[in-house]
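Structure data follow from data-v1.cif (mmCIF, C-alpha atoms and all ligand atoms):
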```cif
data_protein
#
loop_
_atom_site.label_atom_id
_atom_site.label_comp_id
_atom_site.auth_asym_id
_atom_site.auth_seq_id
_atom_site.Cartn_x
_atom_site.Cartn_y
_atom_site.Cartn_z
CA MET A 1 113.82 78.45 107.69
CA ASN A 2 114.11 76.59 104.39
CA ASP A 3 111.47 78.04 102.06
CA LYS A 4 112.44 75.75 99.21
CA THR A 5 110.77 76.93 96.04
CA SER A 6 112.23 76.40 92.56
CA LYS A 7 114.99 78.96 92.91
CA GLY A 8 117.48 76.83 91.03
CA ALA A 9 121.11 76.45 91.94
CA ALA A 10 123.76 78.94 93.02
CA LEU A 11 127.38 78.37 92.09
CA ILE A 12 129.66 79.93 94.73
CA THR A 13 133.41 80.18 94.27
CA GLY A 14 135.59 80.44 97.36
CA ALA A 15 132.90 78.73 99.44
CA SER A 16 135.32 77.01 101.82
CA SER A 17 135.70 80.02 104.14
CA GLY A 18 134.81 83.62 104.86
CA ILE A 19 132.32 85.45 102.69
CA GLY A 20 131.71 82.50 100.33
CA ALA A 21 130.89 80.11 103.18
CA VAL A 22 128.34 82.57 104.60
CA TYR A 23 126.76 83.00 101.15
CA ALA A 24 126.44 79.20 101.02
CA ASP A 25 124.67 79.17 104.38
CA ARG A 26 122.31 82.01 103.53
CA LEU A 27 121.46 80.81 100.03
CA ALA A 28 120.77 77.26 101.24
CA LYS A 29 118.40 78.74 103.80
CA ARG A 30 116.72 80.69 100.99
CA GLY A 31 116.13 77.40 99.17
CA TYR A 32 118.87 77.44 96.55
CA ASP A 33 120.63 74.22 95.66
CA LEU A 34 124.36 74.79 95.79
CA ILE A 35 127.48 74.14 93.77
CA LEU A 36 130.44 74.95 95.98
CA ALA A 37 133.93 75.46 94.59
CA ALA A 38 137.33 76.02 96.21
CA ARG A 39 140.61 74.13 96.63
CA ASP A 40 140.01 72.81 100.15
CA GLU A 41 137.73 69.83 99.61
CA VAL A 42 137.73 68.84 103.29
CA ARG A 43 136.24 72.16 104.35
CA LEU A 44 133.77 72.14 101.46
CA ASN A 45 132.62 68.65 102.42
CA ALA A 46 132.14 69.65 106.06
CA LEU A 47 130.05 72.68 105.01
CA THR A 48 128.08 70.50 102.60
CA ALA A 49 127.23 67.96 105.30
CA ARG A 50 125.98 70.70 107.64
CA LEU A 51 123.90 72.47 104.99
CA ARG A 52 122.34 69.26 103.69
CA ALA A 53 121.35 68.30 107.23
CA GLU A 54 120.05 71.76 108.16
CA THR A 55 118.24 72.68 104.95
CA GLY A 56 117.76 69.58 102.78
CA VAL A 57 119.06 71.35 99.67
CA THR A 58 121.22 69.57 97.11
CA VAL A 59 124.89 70.48 97.39
CA ASP A 60 127.60 69.58 94.88
CA VAL A 61 131.27 70.14 95.56
CA ILE A 62 133.76 70.97 92.83
CA LYS A 63 137.40 71.04 93.91
CA ALA A 64 138.97 73.73 91.78
CA ASP A 65 142.07 75.89 91.79
CA LEU A 66 140.96 78.98 89.91
CA THR A 67 144.50 79.82 88.85
CA VAL A 68 144.41 76.60 86.78
CA ARG A 69 142.62 77.06 83.47
CA ASP A 70 141.24 73.51 83.21
CA ASP A 71 139.65 73.84 86.65
CA VAL A 72 138.05 77.14 85.66
CA ARG A 73 136.78 75.52 82.45
CA ARG A 74 134.94 72.84 84.44
CA LEU A 75 133.05 75.54 86.32
CA GLU A 76 132.38 77.44 83.09
CA ALA A 77 130.81 74.32 81.59
CA ARG A 78 128.53 73.94 84.60
CA LEU A 79 127.40 77.58 84.35
CA ARG A 80 126.76 77.32 80.63
CA ASP A 81 125.20 73.89 80.38
CA ASP A 82 123.37 73.20 83.65
CA ALA A 83 119.96 74.80 83.15
CA SER A 84 119.28 74.74 86.90
CA VAL A 85 122.03 77.29 87.66
CA ALA A 86 120.45 80.72 88.19
CA LEU A 87 122.98 82.53 90.39
CA LEU A 88 126.76 82.95 90.29
CA ILE A 89 128.56 84.24 93.36
CA ASN A 90 131.93 85.16 91.83
CA ASN A 91 133.67 85.43 95.18
CA ALA A 92 136.98 83.51 95.34
CA GLY A 93 139.84 85.92 95.68
CA ALA A 94 143.02 86.77 97.48
CA ALA A 95 144.88 89.93 98.49
CA LEU A 96 148.53 90.97 98.29
CA PHE A 97 149.85 93.96 100.17
CA GLU A 98 153.53 93.87 99.19
CA PRO A 99 154.88 97.09 97.67
CA PHE A 100 154.67 96.78 93.88
CA ALA A 101 158.36 97.35 93.27
CA VAL A 102 159.41 94.39 95.43
CA ALA A 103 156.51 92.02 94.71
CA ALA A 104 157.36 88.89 92.71
CA ALA A 105 155.91 89.06 89.21
CA ASP A 106 154.69 85.46 89.38
CA GLY A 107 152.72 86.21 92.55
CA LEU A 108 151.11 89.22 90.89
CA ASP A 109 150.29 87.09 87.87
CA ASP A 110 148.63 84.43 90.06
CA LEU A 111 146.60 87.15 91.79
CA ILE A 112 145.40 88.45 88.44
CA GLN A 113 144.53 84.91 87.32
CA LEU A 114 142.36 84.45 90.41
CA ASN A 115 140.85 87.92 90.90
CA VAL A 116 140.49 88.93 87.25
CA THR A 117 140.86 86.10 84.73
CA ALA A 118 138.78 83.48 86.56
CA VAL A 119 136.15 86.09 87.54
CA THR A 120 135.90 87.18 83.91
CA ARG A 121 135.68 83.66 82.48
CA LEU A 122 133.02 82.63 84.98
CA ALA A 123 130.97 85.78 84.40
CA ASN A 124 131.30 85.16 80.67
CA ALA A 125 130.04 81.58 80.99
CA ALA A 126 127.21 82.68 83.29
CA ALA A 127 126.20 85.46 80.90
CA ALA A 128 126.07 82.96 78.03
CA GLY A 129 124.03 80.38 79.94
CA PHE A 130 121.76 82.83 81.75
CA THR A 131 120.88 84.93 78.69
CA GLN A 132 120.03 81.76 76.79
CA ARG A 133 117.73 80.73 79.64
CA GLY A 134 116.37 84.27 80.05
CA ARG A 135 117.08 84.52 83.77
CA GLY A 136 119.95 84.70 86.20
CA LYS A 137 121.99 86.85 88.55
CA ILE A 138 125.72 87.44 88.51
CA VAL A 139 127.22 88.68 91.77
CA ASN A 140 130.84 89.79 91.62
CA ILE A 141 132.71 90.44 94.85
CA GLY A 142 134.88 93.52 94.44
CA SER A 143 136.29 95.65 97.24
CA ILE A 144 136.24 99.23 98.44
CA VAL A 145 140.01 99.07 97.81
CA GLY A 146 139.10 99.33 94.11
CA LEU A 147 137.99 102.89 94.89
CA MET A 148 141.11 103.71 96.92
CA PRO A 149 144.29 103.98 94.82
CA GLN A 150 146.05 105.39 97.93
CA PHE A 151 145.51 102.16 99.89
CA LYS A 152 148.99 100.90 98.92
CA SER A 153 147.69 97.70 97.47
CA THR A 154 148.38 98.43 93.83
CA VAL A 155 147.55 95.18 92.08
CA TYR A 156 144.89 93.93 94.50
CA GLY A 157 143.14 97.30 94.23
CA ALA A 158 143.47 97.27 90.45
CA THR A 159 141.91 93.81 90.23
CA LYS A 160 138.97 95.04 92.29
CA ALA A 161 138.58 98.21 90.20
CA TYR A 162 138.38 95.83 87.24
CA VAL A 163 135.60 93.85 88.95
CA LEU A 164 133.57 97.05 89.42
CA TYR A 165 134.01 98.12 85.79
CA LEU A 166 133.22 94.61 84.53
CA SER A 167 130.04 94.52 86.60
CA GLU A 168 128.77 97.95 85.60
CA SER A 169 129.52 97.44 81.95
CA LEU A 170 128.09 93.92 81.86
CA ASN A 171 124.91 95.04 83.60
CA ASP A 172 124.48 97.67 80.92
CA GLU A 173 125.08 95.14 78.16
CA LEU A 174 122.61 92.66 79.63
CA ALA A 175 119.76 95.14 80.15
CA GLY A 176 116.47 93.60 79.09
CA SER A 177 117.87 90.05 78.95
CA GLY A 178 116.42 88.94 82.28
CA VAL A 179 119.96 88.72 83.67
CA THR A 180 121.17 91.18 86.31
CA VAL A 181 124.56 91.95 87.76
CA GLN A 182 125.58 93.13 91.22
CA ALA A 183 129.00 94.29 92.35
CA VAL A 184 129.51 93.96 96.10
CA LEU A 185 132.25 96.17 97.56
CA PRO A 186 133.06 95.00 101.07
CA GLY A 187 135.16 97.09 103.38
CA ALA A 188 137.44 95.35 105.85
CA THR A 189 135.67 92.16 106.89
CA ARG A 190 136.77 89.63 109.49
CA THR A 191 137.87 86.65 107.37
CA GLU A 192 141.02 84.65 106.75
CA ILE A 193 142.05 86.84 103.82
CA TRP A 194 144.07 89.11 106.10
CA ASP A 195 146.21 86.35 107.58
CA ARG A 196 146.51 84.63 104.21
CA SER A 197 147.81 87.84 102.64
CA GLY A 198 150.40 88.28 105.39
CA ARG A 199 148.88 91.50 106.73
CA GLY A 200 147.44 89.87 109.88
CA ILE A 201 143.92 90.66 111.08
CA GLU A 202 145.38 92.14 114.30
CA ASN A 203 146.67 95.03 112.18
CA VAL A 204 143.15 96.00 111.09
CA PRO A 205 141.50 98.50 113.44
CA GLU A 206 138.41 97.02 115.10
CA GLU A 207 136.41 100.17 114.33
CA ILE A 208 136.52 99.49 110.58
CA LEU A 209 136.13 95.69 110.69
CA MET A 210 132.73 94.20 109.79
CA HIS A 211 131.45 90.79 110.89
CA VAL A 212 131.26 88.51 107.86
CA ASP A 213 127.63 87.53 108.59
CA GLU A 214 126.54 91.17 108.51
CA LEU A 215 128.48 91.77 105.32
CA VAL A 216 126.77 88.93 103.46
CA ASP A 217 123.32 89.70 104.86
CA ALA A 218 123.66 93.31 103.67
CA ALA A 219 124.95 92.17 100.25
CA LEU A 220 121.91 89.89 99.86
CA ALA A 221 119.59 92.71 100.93
CA GLY A 222 121.22 94.86 98.24
CA LEU A 223 120.64 92.06 95.73
CA ASP A 224 116.98 91.86 96.76
CA GLN A 225 116.71 95.63 96.31
CA GLY A 226 118.11 95.36 92.78
CA GLU A 227 121.28 97.35 93.49
CA LEU A 228 123.99 97.30 90.85
CA VAL A 229 126.67 98.45 93.30
CA THR A 230 126.36 97.48 96.94
CA ILE A 231 128.72 99.07 99.46
CA PRO A 232 127.50 97.63 102.75
CA SER A 233 129.29 100.17 104.96
CA LEU A 234 128.19 103.30 103.12
CA PRO A 235 125.51 105.06 105.20
CA ASP A 236 124.05 107.08 102.32
CA ALA A 237 123.69 105.33 98.95
CA ALA A 238 123.30 108.78 97.34
CA ASP A 239 127.05 109.31 97.93
CA TRP A 240 127.81 106.50 95.48
CA ASP A 241 125.18 107.77 93.04
CA ALA A 242 126.96 111.16 93.10
CA VAL A 243 130.28 109.52 92.17
CA ALA A 244 128.64 107.65 89.30
CA ALA A 245 126.90 110.85 88.14
CA ALA A 246 130.16 112.86 88.27
CA ARG A 247 131.81 110.23 86.07
CA ALA A 248 128.86 110.26 83.65
CA ASN A 249 129.09 114.05 83.46
CA LEU A 250 132.62 113.76 82.06
CA GLN A 251 131.39 111.73 79.14
CA PRO A 252 130.58 114.44 76.57
CA ASN A 253 134.14 115.78 76.89
CA LEU A 254 136.13 112.57 77.04
CA SER A 255 136.52 112.17 73.29
CA ARG A 256 136.80 115.28 71.11
CA PRO A 257 138.58 116.04 67.83
CA HIS A 258 141.22 118.28 69.44
CA PRO A 259 143.17 118.31 72.73
CA ALA A 260 142.11 120.74 75.43
CA ALA A 261 143.47 124.28 75.15
CA ARG A 262 145.75 123.87 78.22
CA TYR A 263 148.04 121.58 76.19
CA GLY A 264 148.71 124.29 73.63
CA VAL A 265 148.68 121.85 70.72
CA ARG A 266 148.53 123.30 67.19
CA VAL A 267 145.48 122.06 65.29
CA SER A 268 146.56 119.70 62.47
CA GLU A 269 145.35 119.89 58.90
CA PRO A 270 142.74 117.17 58.19
CA ALA A 271 144.46 113.95 57.00
N1 LIG B 1 137.69 90.13 103.97
C1 LIG B 1 137.80 91.36 103.52
O1 LIG B 1 138.20 92.30 104.25
C2 LIG B 1 137.43 91.65 102.11
C3 LIG B 1 137.26 92.99 101.73
C4 LIG B 1 136.93 93.28 100.41
C5 LIG B 1 136.77 92.25 99.50
N2 LIG B 1 136.96 90.96 99.88
C6 LIG B 1 136.81 89.93 98.85
O2 LIG B 1 135.96 88.90 99.30
C7 LIG B 1 136.24 87.70 98.60
C8 LIG B 1 136.26 86.54 99.57
O3 LIG B 1 137.33 86.70 100.46
P1 LIG B 1 137.22 86.42 102.03
O4 LIG B 1 137.40 87.71 102.72
O5 LIG B 1 136.03 85.59 102.32
O6 LIG B 1 138.57 85.62 102.27
P2 LIG B 1 138.88 84.10 102.61
O7 LIG B 1 138.19 83.67 103.85
O8 LIG B 1 140.37 83.99 102.53
O9 LIG B 1 138.20 83.31 101.42
C9 LIG B 1 138.76 83.25 100.14
C10 LIG B 1 138.12 82.07 99.42
O10 LIG B 1 138.68 82.00 98.11
C11 LIG B 1 139.18 80.68 97.90
N3 LIG B 1 140.37 80.70 97.08
C12 LIG B 1 141.55 81.34 97.32
N4 LIG B 1 142.44 81.04 96.35
C13 LIG B 1 141.81 80.21 95.49
C14 LIG B 1 142.21 79.54 94.30
N5 LIG B 1 143.44 79.66 93.79
N6 LIG B 1 141.31 78.76 93.68
C15 LIG B 1 140.06 78.60 94.19
N7 LIG B 1 139.63 79.20 95.30
C16 LIG B 1 140.50 79.99 95.95
C17 LIG B 1 139.48 80.13 99.29
O11 LIG B 1 139.35 78.72 99.31
P3 LIG B 1 140.52 77.62 99.22
O12 LIG B 1 141.69 78.14 99.99
O13 LIG B 1 139.88 76.40 99.80
O14 LIG B 1 140.79 77.47 97.76
C18 LIG B 1 138.37 80.75 100.10
O15 LIG B 1 137.22 79.95 100.04
C19 LIG B 1 137.55 87.94 97.86
O16 LIG B 1 137.29 88.18 96.49
C20 LIG B 1 138.10 89.19 98.52
O17 LIG B 1 138.93 89.94 97.67
C21 LIG B 1 137.27 90.64 101.15
#
```
Serialized structure, structure tokens:
Amino acid sequence: MNDKTSKGAALITGASSGIGAVYADRLAKRGYDLILAARDEVRLNALTARLRAETGVTVDVIKADLTVRDDVRRLEARLRDDASVALLINNAGAALFEPFAVAAADGLDDLIQLNVTAVTRLANAAAAGFTQRGRGKIVNIGSIVGLMPQFKSTVYGATKAYVLYLSESLNDELAGSGVTVQAVLPGATRTEIWDRSGRGIENVPEEILMHVDELVDAALAGLDQGELVTIPSLPDAADWDAVAAARANLQPNLSRPHPAARYGVRVSEPA
């Protein structure tokens, strides 16, 4: 199954479990060398041993807590300076479902460090290295929750809305550079994130829960198809295109010299 060509290396954050671990499996089988990052070195080493044996690819492990700036910096350096790295899977993340008013500020801050700050810094380093080398792909794992402000997951959802905006805007900025961006928006997927967040996977209805293998296989198919936004569950991709078009249609009226008439504001003399 290993069609090892010179694909280069993929750096995957959050590779110790769930979505990241399946990306590691699939990318190794596609012939990518791997750089796997997470905090749990034991699990990363076990995955590494299996993938080396099954595929023969080179696998490096970097133990990193992405809420710690020095750890993030080590990964940034690898993305910028290692010319073999051609793919970033910006996947590590966590969820919090506590009501905003009772959530501890430090916990929210840690979530933002992981889901926003680290994702941004790593995408930044990848963009720098990849554009210099004239090739590369940046895959950012968002969430459908970023499209659902009524999901009662205020800060988690906001971090994922950020990931979508970052991806769309960055893709636009990088047009013509040889570097592409994909935002993957999983729906509920059977991984440890539910138990880790305190919600408990048993509280997620089976009829909306996707197997993690299917989720990653669809995300990679979307990458192969050159999709900017991949929503694996969505039956008709035109539904997303319609949302993007509706937003684009607002554009001519989003910045004008005077407020809309419904506000009844008197027009000021020019300054
Ligand atoms: N599962 C879903 O329903 C779902 C839906 C939408 C989006 N997502 C997104 O998918 C991504 C992957 O989540 P998952 O579902 O695969 O959950 P998961 O199984 O809990 O995996 C999360 C990964 O992130 C790593 N991680 C967590 N905190 C970290 C930290 N401080 N520093 C470094 N690594 C850290 C974990 O490794 P260590 O503990 O070893 O550090 C683990 O490898 C996340 O961005 C999540 O928001 C998931």
Within 7 Å of ligand LIG 1 (chain B), which residues of chain A come that close, and what is the closest atom pair and distance in Å for each? Count all atoms listed in the file and give it as a tab-separated table.
```
residue	atom	partner	partner_atom	distance
A:Thr13	CA	B:LIG1	N7	6.4
A:Gly14	CA	B:LIG1	O15	3.2
A:Ala15	CA	B:LIG1	O15	4.5
A:Ser16	CA	B:LIG1	O15	3.9
A:Ser17	CA	B:LIG1	O15	4.4
A:Gly18	CA	B:LIG1	O5	3.4
A:Ile19	CA	B:LIG1	O5	3.7
A:Gly20	CA	B:LIG1	O5	5.7
A:Ala37	CA	B:LIG1	N7	6.9
A:Ala38	CA	B:LIG1	N7	4.0
A:Arg39	CA	B:LIG1	O14	3.5
A:Asp40	CA	B:LIG1	O13	3.6
A:Glu41	CA	B:LIG1	O13	6.9
A:Ala64	CA	B:LIG1	C15	5.5
A:Asp65	CA	B:LIG1	N6	3.5
A:Leu66	CA	B:LIG1	N6	3.8
A:Thr67	CA	B:LIG1	N5	5.1
A:Asn91	CA	B:LIG1	O16	4.7
A:Ala92	CA	B:LIG1	O10	3.6
A:Gly93	CA	B:LIG1	O16	3.5
A:Ala94	CA	B:LIG1	O17	5.2
A:Ala95	CA	B:LIG1	O17	6.0
A:Leu114	CA	B:LIG1	N5	6.0
A:Asn115	CA	B:LIG1	O16	6.6
A:Ile141	CA	B:LIG1	O16	5.4
A:Gly142	CA	B:LIG1	C5	5.5
A:Ser143	CA	B:LIG1	C4	4.0
A:Ile144	CA	B:LIG1	C4	6.3
A:Leu185	CA	B:LIG1	C4	6.2
A:Pro186	CA	B:LIG1	C4	4.3
A:Gly187	CA	B:LIG1	C3	4.9
A:Ala188	CA	B:LIG1	O1	3.5
A:Thr189	CA	B:LIG1	O1	3.7
A:Arg190	CA	B:LIG1	N1	5.6
A:Thr191	CA	B:LIG1	O7	4.6
A:Glu192	CA	B:LIG1	O7	4.2
A:Ile193	CA	B:LIG1	O8	3.6
A:Trp194	CA	B:LIG1	N1	6.8
A:Arg196	CA	B:LIG1	O8	6.4
```
Restricting the output to C-alpha atoms, write the selected residues as a short mmCIF file (atom, residue, chain, number, x, y, z; two decimals), keeping the file's coordinate frame.
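File produced: part24.cif:
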```cif
data_model
loop_
_atom_site.label_atom_id
_atom_site.label_comp_id
_atom_site.auth_asym_id
_atom_site.auth_seq_id
_atom_site.Cartn_x
_atom_site.Cartn_y
_atom_site.Cartn_z
CA THR A 13 133.41 80.18 94.27
CA GLY A 14 135.59 80.44 97.36
CA ALA A 15 132.90 78.73 99.44
CA SER A 16 135.32 77.01 101.82
CA SER A 17 135.70 80.02 104.14
CA GLY A 18 134.81 83.62 104.86
CA ILE A 19 132.32 85.45 102.69
CA GLY A 20 131.71 82.50 100.33
CA ALA A 37 133.93 75.46 94.59
CA ALA A 38 137.33 76.02 96.21
CA ARG A 39 140.61 74.13 96.63
CA ASP A 40 140.01 72.81 100.15
CA GLU A 41 137.73 69.83 99.61
CA ALA A 64 138.97 73.73 91.78
CA ASP A 65 142.07 75.89 91.79
CA LEU A 66 140.96 78.98 89.91
CA THR A 67 144.50 79.82 88.85
CA ASN A 91 133.67 85.43 95.18
CA ALA A 92 136.98 83.51 95.34
CA GLY A 93 139.84 85.92 95.68
CA ALA A 94 143.02 86.77 97.48
CA ALA A 95 144.88 89.93 98.49
CA LEU A 114 142.36 84.45 90.41
CA ASN A 115 140.85 87.92 90.90
CA ILE A 141 132.71 90.44 94.85
CA GLY A 142 134.88 93.52 94.44
CA SER A 143 136.29 95.65 97.24
CA ILE A 144 136.24 99.23 98.44
CA LEU A 185 132.25 96.17 97.56
CA PRO A 186 133.06 95.00 101.07
CA GLY A 187 135.16 97.09 103.38
CA ALA A 188 137.44 95.35 105.85
CA THR A 189 135.67 92.16 106.89
CA ARG A 190 136.77 89.63 109.49
CA THR A 191 137.87 86.65 107.37
CA GLU A 192 141.02 84.65 106.75
CA ILE A 193 142.05 86.84 103.82
CA TRP A 194 144.07 89.11 106.10
CA ARG A 196 146.51 84.63 104.21
#
```
Nearest to Asp82 in chain A among A:Ala49, A:Ile35, A:Ala271, A:Val163, with distances taken over all atoms listed in the file: which residue is it?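 The closest residue to Asp82 in chain A is A:Ile35.
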Would you pick out the contacts of range 77-80 of chain A at 7 Å or less, using only C-alpha atoms, so that residues sharing its chain but fewer than 5 positions from it are not included, and give the list as a list in words? Val85, Ala125, Ala126, Ala128 and Gly129 of chain A
Around all listed atoms of range 136-139 of chain A, padded 6 Å per side, what centre and edge lengths does the axis-aligned box have in Å to one decimal, as JSON?
```
{"center_x": 123.6, "center_y": 86.7, "center_z": 89.0, "size_x": 19.3, "size_y": 16.0, "size_z": 17.6}
```
Calculated over only C-alpha atoms, which of the candidates A:Asn249, A:Thr230, A:Asn124, A:Ser153 has the smallest distance to Ala101 in chain A?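 Among A:Asn249, A:Thr230, A:Asn124, A:Ser153, it is A:Ser153 that comes nearest to Ala101 in chain A.
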Determine the nearest neighbour of Pro99 in chain A from the options A:Arg50, A:Val181, A:Val155, A:Val267, counting all atoms listed in the file.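 With all atoms listed in the file as the atom set, the closest residue is A:Val155.
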For Leu87 in chain A, the closest of A:Val229, A:Ala9, A:Leu250, A:Ala238 counting only C-alpha atoms is A:Ala9
Please report the interatomic distance between CA of Ala161 in chain A and CA of Val145 in chain A in Å with one decimal. 7.8 Å
Close residues, range 231-234 of chain A itself excluded, 12 Å, all atoms listed in the file, min 5 positions apart in chain, as a compact mmCIF listing (two decimals) with C-alpha atoms, in the frame of the given file:
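Generated output (around39.txt):
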```txt
# COMPACT_ATOMS: atom_id res chain seq x y z
CA ILE A 141 132.71 90.44 94.85
CA GLY A 142 134.88 93.52 94.44
CA SER A 143 136.29 95.65 97.24
CA ILE A 144 136.24 99.23 98.44
CA VAL A 145 140.01 99.07 97.81
CA GLY A 146 139.10 99.33 94.11
CA LEU A 147 137.99 102.89 94.89
CA LEU A 164 133.57 97.05 89.42
CA GLN A 182 125.58 93.13 91.22
CA ALA A 183 129.00 94.29 92.35
CA VAL A 184 129.51 93.96 96.10
CA LEU A 185 132.25 96.17 97.56
CA PRO A 186 133.06 95.00 101.07
CA GLY A 187 135.16 97.09 103.38
CA ALA A 188 137.44 95.35 105.85
CA THR A 189 135.67 92.16 106.89
CA GLU A 207 136.41 100.17 114.33
CA ILE A 208 136.52 99.49 110.58
CA LEU A 209 136.13 95.69 110.69
CA MET A 210 132.73 94.20 109.79
CA HIS A 211 131.45 90.79 110.89
CA VAL A 212 131.26 88.51 107.86
CA ASP A 213 127.63 87.53 108.59
CA GLU A 214 126.54 91.17 108.51
CA LEU A 215 128.48 91.77 105.32
CA VAL A 216 126.77 88.93 103.46
CA ASP A 217 123.32 89.70 104.86
CA ALA A 218 123.66 93.31 103.67
CA ALA A 219 124.95 92.17 100.25
CA LEU A 220 121.91 89.89 99.86
CA ALA A 221 119.59 92.71 100.93
CA GLY A 222 121.22 94.86 98.24
CA LEU A 223 120.64 92.06 95.73
CA ASP A 239 127.05 109.31 97.93
CA TRP A 240 127.81 106.50 95.48
CA ASP A 241 125.18 107.77 93.04
```
Minimum-distance residue to Ala83 in chain A, chosen among A:Lys7, A:Arg199, A:Arg133, A:Lys160 (using all atoms listed in the file):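 Counting all atoms listed in the file, the residue closest to Ala83 in chain A is A:Arg133.
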What does the distance between CA of Thr131 in chain A and CA of Ala245 in chain A come to in Å, to one decimal place?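 One can read the CA of Thr131 in chain A to CA of Ala245 in chain A distance as 28.2 Å.
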Go through A:Val42, A:Gly31, A:Tyr165, A:Asp70 and flag the residue nearest Val57 in chain A, using all atoms listed in the file for the distances. A:Gly31
Please compute the CA of Leu44 in chain A-CA of Gly8 in chain A distance, one decimal, in Å.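 According to the coordinates, CA of Leu44 in chain A and CA of Gly8 in chain A are separated by 19.9 Å.
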Asp195 in chain A surroundings by only C-alpha atoms, 12 Å radius, close-in-sequence under 6 positions cut, as a ChimeraX atom specification: /A:94-97,201-204
